[in-house]
Structure formats: structure tokens, C-alpha cells
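Peer 1: This is the content of query.tsv (TSV, C-alpha atoms):
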chain	number	residue	atom	x	y	z
A	22	MET	CA	-91.47	-91.30	6.63
A	23	ASP	CA	-92.74	-87.83	5.65
A	24	ALA	CA	-94.37	-89.25	2.52
A	25	VAL	CA	-96.25	-91.81	4.63
A	26	LEU	CA	-97.28	-89.22	7.22
A	27	SER	CA	-98.51	-86.82	4.54
A	28	GLN	CA	-101.10	-89.43	3.54
A	29	TYR	CA	-102.66	-89.22	7.01
A	30	ILE	CA	-101.76	-85.69	8.17
A	31	ASP	CA	-102.48	-82.48	6.32
A	32	PRO	CA	-99.17	-81.01	5.02
A	33	TYR	CA	-99.92	-77.74	6.82
A	34	PHE	CA	-100.23	-79.49	10.19
A	35	LEU	CA	-97.20	-81.65	9.44
A	36	ARG	CA	-95.20	-78.48	8.79
A	37	ILE	CA	-96.31	-76.99	12.13
A	38	ILE	CA	-95.32	-80.19	13.94
A	39	LEU	CA	-91.85	-80.04	12.39
A	40	ILE	CA	-91.43	-76.36	13.25
A	41	ILE	CA	-92.49	-77.14	16.83
A	42	GLY	CA	-89.71	-79.73	17.05
A	43	ILE	CA	-87.10	-77.29	15.67
A	44	ASN	CA	-88.26	-74.58	18.10
A	45	ILE	CA	-88.00	-76.99	21.02
A	46	ILE	CA	-84.33	-77.64	20.18
A	47	LEU	CA	-83.64	-73.91	19.83
A	48	ALA	CA	-85.45	-73.07	23.07
A	49	LEU	CA	-83.67	-75.83	25.01
A	50	GLY	CA	-80.36	-74.28	24.00
A	51	LEU	CA	-81.42	-70.82	25.16
A	52	ASN	CA	-82.84	-72.32	28.35
A	53	LEU	CA	-79.38	-73.62	29.27
A	54	ILE	CA	-77.90	-70.15	28.90
A	55	THR	CA	-80.66	-67.94	30.29
A	56	GLY	CA	-83.08	-70.16	32.19
A	57	VAL	CA	-80.64	-72.45	33.97
A	58	THR	CA	-77.43	-70.42	34.32
A	59	GLY	CA	-79.08	-67.00	34.50
A	60	GLN	CA	-77.13	-65.33	31.67
A	61	LEU	CA	-79.55	-63.09	29.80
A	62	SER	CA	-78.94	-63.77	26.11
A	63	MET	CA	-81.01	-61.85	23.58
A	64	GLY	CA	-79.10	-62.85	20.46
A	65	HIS	CA	-79.84	-66.55	20.13
A	66	ALA	CA	-80.93	-66.06	16.52
A	67	GLY	CA	-77.27	-65.32	15.75
A	68	PHE	CA	-76.26	-68.87	16.68
A	69	MET	CA	-79.22	-70.17	14.73
A	70	SER	CA	-78.09	-68.28	11.62
A	71	LEU	CA	-74.53	-69.62	11.93
A	72	GLY	CA	-75.81	-73.19	11.99
A	73	ALA	CA	-78.25	-72.55	9.15
A	74	TYR	CA	-75.79	-70.91	6.77
A	75	THR	CA	-72.87	-73.19	7.56
A	76	SER	CA	-74.81	-76.40	7.05
A	77	ALA	CA	-76.57	-75.06	3.92
A	78	ILE	CA	-73.31	-73.91	2.30
A	79	LEU	CA	-71.61	-77.21	3.12
A	80	THR	CA	-74.35	-79.27	1.48
A	81	MET	CA	-74.92	-76.96	-1.52
A	82	ASN	CA	-71.38	-75.86	-2.41
A	83	TYR	CA	-69.24	-78.72	-1.17
A	84	GLY	CA	-71.50	-81.76	-1.40
A	85	VAL	CA	-71.11	-82.60	2.29
A	86	ALA	CA	-73.55	-85.20	3.61
A	87	PHE	CA	-76.45	-83.75	5.60
A	88	PRO	CA	-75.54	-85.28	9.01
A	89	THR	CA	-71.94	-84.04	8.69
A	90	ALA	CA	-73.09	-80.59	7.54
A	91	LEU	CA	-75.56	-80.42	10.45
A	92	LEU	CA	-72.79	-81.29	12.91
A	93	GLY	CA	-70.47	-78.79	11.24
A	94	GLY	CA	-72.99	-75.98	11.56
A	95	SER	CA	-73.60	-76.83	15.22
A	96	LEU	CA	-69.86	-76.85	15.97
A	97	VAL	CA	-69.35	-73.48	14.28
A	98	ALA	CA	-72.15	-72.02	16.40
A	99	ALA	CA	-70.62	-73.61	19.52
A	100	LEU	CA	-67.23	-72.11	18.65
A	101	PHE	CA	-68.74	-68.64	18.41
A	102	GLY	CA	-70.58	-69.34	21.66
A	103	PHE	CA	-67.20	-69.98	23.28
A	104	PHE	CA	-65.72	-66.75	21.89
A	105	ILE	CA	-68.76	-64.76	23.05
A	106	GLY	CA	-69.08	-66.47	26.44
A	107	LEU	CA	-65.44	-66.19	27.48
A	108	PRO	CA	-64.93	-62.41	27.33
A	109	THR	CA	-68.39	-61.57	28.69
A	110	LEU	CA	-68.13	-63.57	31.91
A	111	ARG	CA	-68.01	-60.46	34.08
A	112	LEU	CA	-71.11	-59.00	32.47
A	113	GLN	CA	-74.58	-59.57	33.87
A	114	GLY	CA	-78.15	-58.53	33.21
A	115	ASP	CA	-78.64	-55.66	30.77
A	116	TYR	CA	-74.96	-55.43	29.84
A	117	LEU	CA	-74.75	-59.08	28.80
A	118	ALA	CA	-78.03	-58.71	26.92
A	119	MET	CA	-76.62	-55.76	24.96
A	120	VAL	CA	-73.50	-57.71	24.02
A	121	THR	CA	-75.53	-60.66	22.73
A	122	ILE	CA	-77.84	-58.34	20.78
A	123	GLY	CA	-74.80	-56.72	19.22
A	124	PHE	CA	-73.33	-60.11	18.36
A	125	ALA	CA	-76.52	-61.24	16.63
A	126	GLU	CA	-76.70	-57.99	14.64
A	127	ILE	CA	-73.04	-58.30	13.57
A	128	ILE	CA	-73.70	-61.83	12.31
A	129	ARG	CA	-76.85	-60.72	10.48
A	130	VAL	CA	-75.04	-57.83	8.77
A	131	PHE	CA	-72.15	-60.14	7.90
A	132	PHE	CA	-74.48	-62.52	6.08
A	133	LEU	CA	-76.12	-59.55	4.34
A	134	ASN	CA	-72.75	-59.01	2.64
A	135	PHE	CA	-71.50	-62.60	2.47
A	136	GLU	CA	-71.17	-63.67	-1.17
A	137	PRO	CA	-71.36	-67.49	-0.67
A	138	GLY	CA	-74.50	-66.93	1.41
A	139	GLY	CA	-76.27	-65.00	-1.34
A	140	LYS	CA	-75.93	-61.64	0.44
A	141	ALA	CA	-79.29	-59.91	1.01
A	142	VAL	CA	-81.02	-62.18	-1.52
A	143	GLY	CA	-80.34	-65.21	0.65
A	144	LEU	CA	-79.82	-68.86	-0.20
A	145	SER	CA	-82.39	-70.81	-2.19
A	146	GLY	CA	-82.53	-74.37	-3.40
A	147	ILE	CA	-81.25	-75.84	-0.14
A	148	PRO	CA	-81.75	-79.63	-0.19
A	149	GLN	CA	-84.75	-80.60	1.94
A	150	GLU	CA	-83.03	-83.17	4.12
A	151	THR	CA	-84.88	-82.39	7.34
A	152	THR	CA	-87.57	-84.99	8.02
A	153	PHE	CA	-90.07	-85.70	10.78
A	154	LEU	CA	-87.96	-88.58	12.06
A	155	THR	CA	-84.77	-86.48	12.06
A	156	VAL	CA	-86.34	-83.57	13.93
A	157	TRP	CA	-88.17	-85.52	16.59
A	158	GLY	CA	-85.35	-88.01	17.00
A	159	LEU	CA	-83.02	-85.10	17.77
A	160	VAL	CA	-85.66	-83.56	20.05
A	161	ALA	CA	-85.75	-86.80	22.06
A	162	VAL	CA	-81.94	-86.89	22.27
A	163	ALA	CA	-81.74	-83.21	23.25
A	164	VAL	CA	-84.39	-83.56	25.97
A	165	PHE	CA	-82.76	-86.73	27.35
A	166	LEU	CA	-79.26	-85.21	27.46
A	167	ASN	CA	-80.58	-81.95	28.95
A	168	ALA	CA	-82.43	-83.88	31.64
A	169	ARG	CA	-79.34	-85.96	32.45
A	170	LEU	CA	-77.16	-82.87	32.59
A	171	LEU	CA	-79.48	-80.80	34.78
A	172	SER	CA	-80.10	-83.64	37.22
A	173	SER	CA	-76.35	-84.14	37.65
A	174	ARG	CA	-73.94	-82.32	39.95
A	175	THR	CA	-72.98	-80.03	37.07
A	176	GLY	CA	-76.62	-79.13	36.47
A	177	ARG	CA	-77.12	-78.22	40.11
A	178	ALA	CA	-74.02	-76.05	39.87
A	179	PHE	CA	-75.62	-74.28	36.89
A	180	TYR	CA	-78.70	-73.52	38.99
A	181	ALA	CA	-76.49	-72.37	41.88
A	182	ILE	CA	-74.80	-69.84	39.59
A	183	ARG	CA	-78.21	-68.51	38.58
A	184	GLU	CA	-79.38	-68.10	42.17
A	185	ASP	CA	-76.19	-66.54	43.59
A	186	GLU	CA	-72.94	-66.60	41.67
A	187	ILE	CA	-70.80	-65.35	44.56
A	188	ALA	CA	-72.21	-67.96	46.96
A	189	ALA	CA	-71.71	-70.70	44.36
A	190	GLU	CA	-68.09	-69.69	43.84
A	191	SER	CA	-67.46	-69.62	47.59
A	192	CYS	CA	-68.70	-73.23	47.73
A	193	GLY	CA	-66.08	-74.34	45.22
A	194	VAL	CA	-68.06	-74.06	41.99
A	195	ASN	CA	-65.89	-73.09	39.01
A	196	THR	CA	-68.26	-70.42	37.74
A	197	THR	CA	-65.98	-69.36	34.88
A	198	ARG	CA	-65.81	-72.81	33.34
A	199	LEU	CA	-69.48	-73.60	33.87
A	200	LYS	CA	-70.77	-70.32	32.42
A	201	VAL	CA	-68.67	-70.83	29.29
A	202	THR	CA	-69.85	-74.46	29.13
A	203	ALA	CA	-73.49	-73.34	29.26
A	204	PHE	CA	-72.87	-70.83	26.47
A	205	VAL	CA	-71.16	-73.44	24.30
A	206	LEU	CA	-73.84	-76.11	24.82
A	207	GLY	CA	-76.67	-73.63	24.29
A	208	SER	CA	-75.13	-72.23	21.11
A	209	PHE	CA	-74.52	-75.78	19.84
A	210	LEU	CA	-78.25	-76.49	20.11
A	211	GLY	CA	-78.96	-73.12	18.49
A	212	GLY	CA	-76.78	-74.09	15.52
A	213	LEU	CA	-78.42	-77.51	15.36
A	214	GLY	CA	-81.89	-75.96	15.21
A	215	GLY	CA	-80.69	-73.52	12.54
A	216	GLY	CA	-79.33	-76.33	10.37
A	217	LEU	CA	-82.58	-78.26	10.63
A	218	TYR	CA	-84.55	-75.11	9.77
A	219	ALA	CA	-82.44	-74.34	6.70
A	220	HIS	CA	-82.78	-77.87	5.31
A	221	TYR	CA	-86.52	-77.83	5.82
A	222	MET	CA	-87.43	-74.40	4.45
A	223	PHE	CA	-85.42	-74.61	1.15
A	224	TYR	CA	-84.65	-70.90	1.50
A	225	ILE	CA	-83.04	-68.67	4.14
A	226	ASP	CA	-82.09	-65.01	4.24
A	227	PRO	CA	-80.49	-62.85	6.96
A	228	GLN	CA	-83.79	-61.15	7.89
A	229	VAL	CA	-85.15	-64.48	9.15
A	230	PHE	CA	-82.62	-64.33	11.99
A	231	ASN	CA	-83.34	-60.81	13.20
A	232	PHE	CA	-83.86	-59.45	16.72
A	233	THR	CA	-87.53	-60.42	16.65
A	234	LYS	CA	-86.56	-64.08	16.24
A	235	SER	CA	-84.29	-63.88	19.29
A	236	ILE	CA	-87.10	-62.37	21.37
A	237	GLU	CA	-89.50	-65.05	20.13
A	238	LEU	CA	-87.13	-67.76	21.38
A	239	LEU	CA	-86.64	-65.95	24.69
A	240	ASN	CA	-90.42	-65.75	25.13
A	241	MET	CA	-90.65	-69.52	24.75
A	242	VAL	CA	-88.28	-69.99	27.67
A	243	VAL	CA	-89.97	-67.34	29.83
A	244	LEU	CA	-93.52	-68.48	29.02
A	245	GLY	CA	-93.04	-72.06	30.14
A	246	GLY	CA	-90.75	-71.36	33.09
A	247	MET	CA	-87.13	-70.31	33.35
A	248	GLY	CA	-84.84	-73.29	33.83
A	249	SER	CA	-87.58	-75.87	33.34
A	250	ILE	CA	-87.26	-78.42	30.52
A	251	PRO	CA	-91.00	-79.29	30.55
A	252	GLY	CA	-91.77	-75.56	30.69
A	253	THR	CA	-89.48	-74.80	27.75
A	254	ILE	CA	-91.15	-77.52	25.69
A	255	LEU	CA	-94.59	-76.19	26.59
A	256	GLY	CA	-93.55	-72.63	25.74
A	257	ALA	CA	-92.16	-73.70	22.35
A	258	VAL	CA	-95.35	-75.60	21.52
A	259	LEU	CA	-97.69	-72.78	22.54
A	260	LEU	CA	-95.75	-69.96	20.86
A	261	THR	CA	-95.50	-71.95	17.65
A	262	ILE	CA	-99.20	-72.81	17.53
A	263	LEU	CA	-100.58	-69.50	18.84
A	264	PRO	CA	-99.56	-67.32	15.85
A	265	GLU	CA	-101.16	-69.88	13.53
A	266	LEU	CA	-104.42	-69.84	15.50
A	267	LEU	CA	-104.48	-66.04	15.36
A	268	ARG	CA	-104.20	-65.93	11.56
A	269	VAL	CA	-107.99	-65.63	11.41
A	270	VAL	CA	-107.58	-62.19	12.99
A	271	ALA	CA	-104.38	-61.36	11.15
A	272	GLU	CA	-104.77	-57.60	11.56
A	273	TYR	CA	-104.94	-57.90	15.34
A	274	ARG	CA	-102.69	-60.94	15.76
A	275	LEU	CA	-99.78	-59.11	17.37
A	276	MET	CA	-102.15	-57.27	19.71
A	277	PHE	CA	-103.66	-60.54	20.98
A	278	TYR	CA	-100.23	-62.13	21.19
A	279	GLY	CA	-98.85	-59.25	23.26
A	280	ALA	CA	-101.91	-59.07	25.50
A	281	LEU	CA	-101.69	-62.77	26.32
A	282	LEU	CA	-98.02	-62.40	27.27
A	283	VAL	CA	-98.76	-59.38	29.49
A	284	ILE	CA	-101.58	-61.26	31.25
A	285	LEU	CA	-99.29	-64.23	31.77
A	286	MET	CA	-96.53	-62.08	33.27
A	287	ILE	CA	-99.05	-60.54	35.69
A	288	PHE	CA	-100.66	-63.76	36.93
A	289	ARG	CA	-97.84	-66.27	36.30
A	290	PRO	CA	-94.57	-64.30	36.50
A	291	ASN	CA	-92.54	-67.51	36.86
A	292	GLY	CA	-94.06	-69.05	33.72
A	293	LEU	CA	-96.78	-71.59	33.25
A	294	LEU	CA	-94.85	-74.40	34.94
A	295	GLY	CA	-92.55	-72.30	37.08
A	296	ASP	CA	-89.26	-74.06	37.84
A	297	VAL	CA	-90.60	-77.61	37.45
A	298	ARG	CA	-87.75	-79.94	36.56
A	299	ILE	CA	-87.63	-83.40	35.01
A	300	TYR	CA	-86.45	-85.12	38.17
A	301	ASP	CA	-89.20	-83.36	40.16
A	302	LEU	CA	-91.77	-84.98	37.85
A	303	LYS	CA	-90.06	-88.37	38.16
A	304	LYS	CA	-90.19	-88.12	41.93
A	305	ARG	CA	-93.82	-86.97	41.92
A	306	TRP	CA	-94.92	-89.75	39.57
A	307	GLY	CA	-92.76	-92.42	41.21
A	308	LEU	CA	-90.70	-93.05	38.06
A	309	GLY	CA	-87.36	-93.09	39.79
A	310	LYS	CA	-85.29	-91.79	42.66
A	311	ASN	CA	-83.90	-88.29	42.77
A	312	LYS	CA	-80.18	-88.79	43.18
Please render this file's structure as C-alpha cells.
Peer 2:
Amino acid sequence: MDAVLSQYIDPYFLRIILIIGINIILALGLNLITGVTGQLSMGHAGFMSLGAYTSAILTMNYGVAFPTALLGGSLVAALFGFFIGLPTLRLQGDYLAMVTIGFAEIIRVFFLNFEPGGKAVGLSGIPQETTFLTVWGLVAVAVFLNARLLSSRTGRAFYAIREDEIAAESCGVNTTRLKVTAFVLGSFLGGLGGGLYAHYMFYIDPQVFNFTKSIELLNMVVLGGMGSIPGTILGAVLLTILPELLRVVAEYRLMFYGALLVILMIFRPNGLLGDVRIYDLKKRWGLGKNK
């Protein structure tokens, strides 16, 4: 598929399209944790690195098939999401953010000294198994499952926790179970995006998954609209394309990037699409009933 597309699409643009798809998957995972459930996570790159390294090591060192390695990396990230989510349930806001930052830094330092992962040198020669069809097929599946989840009773309970956790619990919502569930599902998607990234870029090193990467993913969720699937997709697209457009002014790229975000936060504090949800669009466009 990629060979056929490369005949019609410039390889540079094809690469950007693939990165957009990977970022959408990563941002959808963070949106479940932060945008929907209201748990401020600033260490999503840690889950991404777990998926990337696990899947890469499985394919390179153990000859595991790419789909199995991708699933394995996602499950490892989900497992760590469970272990992080469970003990931090009582933390909120800045305190939870600090824990997730610390977690991501611990993972990064671990891989800096992890022999099978190439230590600080990183891993090179990773099989390029990630294709256009794989990425965008998984994007479609992730968006569909997210939309189904958030339009269900469980999804509304997630939103209730974000708005007022005490009120949600008084109405019979099991906040403990649902907050851990959101962390596990979000970290699973983080690991999935990391595995796809590793098998597309050939090479990974711990510095790729630093604090800046976590903030970049968080910006995608905030830019489009917290808790909104269409907004998260829009944010991922814009913040993947924008740095490329600003390469012509490379020296001032970060200044323009920061200024645009500040302007957005002033005039659109709820994001470009606010809290627009999939079933809101379906109702507005007459595509189905809101159950």
C-alpha cells in the first residue's frame, strides 16, 4: 500500500500523514485520562516509550510477529497504567500531574540504562512494519471504540467524575473502578501509538520520550477541546502540521508556536471545538438518535 501511495504522494507528505495518525491514537488515549475523566496526566510519553521499546525488542530480539509485538507493547503500557492509576486515585490536579511526570522520568532514565534497549544510544534497525493501512485502520478502530464508550453509560460516568467526583459517587458511580479503567485504556492507546512509532521510525532513543513530548500530547487534547473526540483529532492534526509549516522560520518557530497557543487560550479557553462530542454531531446532522 505504501509503495503504491508513494507513487502519487510525496514521501515527505506521506510521512506527515502517518505521524498524524499515530498522534491521533496517542492523543485519544490521553483524552480519556485527562479530557474525559479529568485526571491531569503529564507523563503520557512514558506509556508511549513502554509500548515502543517493548514492541521493538520483541520483534528484533525474539522474532515476534509485528501484530503480536504491538499488542504486547500496548498491554505492558496498560499494566503500568493500572499500577500508576490505582495508588494515585486520591490525588488530583497538581499532585497527580507531579506523580505522572515522575513516572515518565523514571521510565526514561530506566531506558537510558537498559542494556537490551541500547541504553543512551537507543535502538536502531527496527523493522519498518508500520504502514499507512495499519495506522489509519487502527485510528478508525480507536475512534469508533472511543465514540461507543463515551456515548455509553460508562462514558457518561467518566464525564460525571470530571465535573464533580463527589456528586458522581453519591449517585452510585464507582469512581475508583472507573478512574483506574480510564488510566488503563488511555495507557493502552499510548503503548499502541508508541509501538507504531517505533516500527515506523527505524530508530528510537529515550530522549524522544521526554517531558516535552508529554506536553506536546497534552496540548493536542487542550487545543481541540478537553473530552471531545473530534476536538482531539483536530488538535493532533494541527499540532502535527503546524511545526512543519513553521520550518521556513526555524529560528522563530517555537516563538510562533507558543504565541498561537497563548492567543488560543485567551480567546478559546475551552479549545477550538469546546466539549463537542460524537453523539452531539450525530444528533445535529441527523445521523442517529442520542440514546
Peer 1: Please, which residues in stretch 89-173 of chain A fall within 8 Å of stretch 77-80 of chain A when counting all atoms listed in the file, and what is the closest atom pair and distance in Å to one decimal for each, ordered by chain then residue number, as JSON lines?
Peer 2:
{"residue": "A:Ala90", "atom": "CA", "partner": "A:Leu79", "partner_atom": "CA", "distance": 5.8}
{"residue": "A:Pro137", "atom": "CA", "partner": "A:Ile78", "partner_atom": "CA", "distance": 7.3}
{"residue": "A:Gly138", "atom": "CA", "partner": "A:Ile78", "partner_atom": "CA", "distance": 7.1}
{"residue": "A:Ile147", "atom": "CA", "partner": "A:Ala77", "partner_atom": "CA", "distance": 6.2}
{"residue": "A:Pro148", "atom": "CA", "partner": "A:Thr80", "partner_atom": "CA", "distance": 7.6}
Peer 1: For A:Tyr180, which residue among A:Ile37, A:Leu260, A:Met247, A:Ile225 is the nearest when counting all atoms listed in the file?
Peer 2: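 Closest candidate: A:Met247.
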Peer 1: What separation in Å, quoted to one decimal, exists between atom CA of A:His220 and atom CA of A:Phe132?
Peer 2: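 Computing the Euclidean distance for atom CA of A:His220 and atom CA of A:Phe132 yields 17.5 Å.
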Peer 1: Would you list the residues near (-91.6, -76.6, 33.0) (no more than 12 Å away, in the coordinates of the file, using only C-alpha atoms) as a ChimeraX atom specification?
Peer 2: /A:49,52,56-57,168,241-257,291-302
Peer 1: Of the residues A:Gly94, A:Pro88, A:Gly64, A:Gly214, which is the one nearest to A:Ile127, using all atoms listed in the file?
Peer 2: A:Gly64
Peer 1: Extract, using only C-alpha atoms, all DNA, RNA and protein residues at most 10 Å from stretch 199-211 of chain A, discarding same-chain residues fewer than 6 positions from it, and format them as an NGL selection string.
Peer 2: :A and (43-55 or 57-60 or 62 or 65-73 or 92-110 or 163 or 167 or 175-176 or 178-179 or 182-183)
Peer 1: For A:Asn195, which residue out of A:Ala181, A:Val130, A:Leu91, A:Ala161 is the nearest one, using only C-alpha atoms?
Peer 2: A:Ala181
Peer 1: If you count all atoms listed in the file, which residues fall within 10 Å of A:Pro227, apart from same-chain ones fewer than 6 positions away, as number ranges by chain?
Peer 2: A: 67, 70, 74, 126, 128-134, 138-144
Peer 1: Compare A:Ile187, A:Ile30, A:Ala125, A:Leu154 by their minimum atom-to-atom distance to A:Val229, counting only C-alpha atoms, and give me the closest one.
Peer 2: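 For A:Val229, the nearest of the given residues is A:Ala125.
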Peer 1: Please, what distance in Å, to one decimal, runs between atom CA of A:Thr151 and atom CA of A:Tyr218?
Peer 2: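 If I compute the distance from atom CA of A:Thr151 to atom CA of A:Tyr218, I get 7.7 Å.
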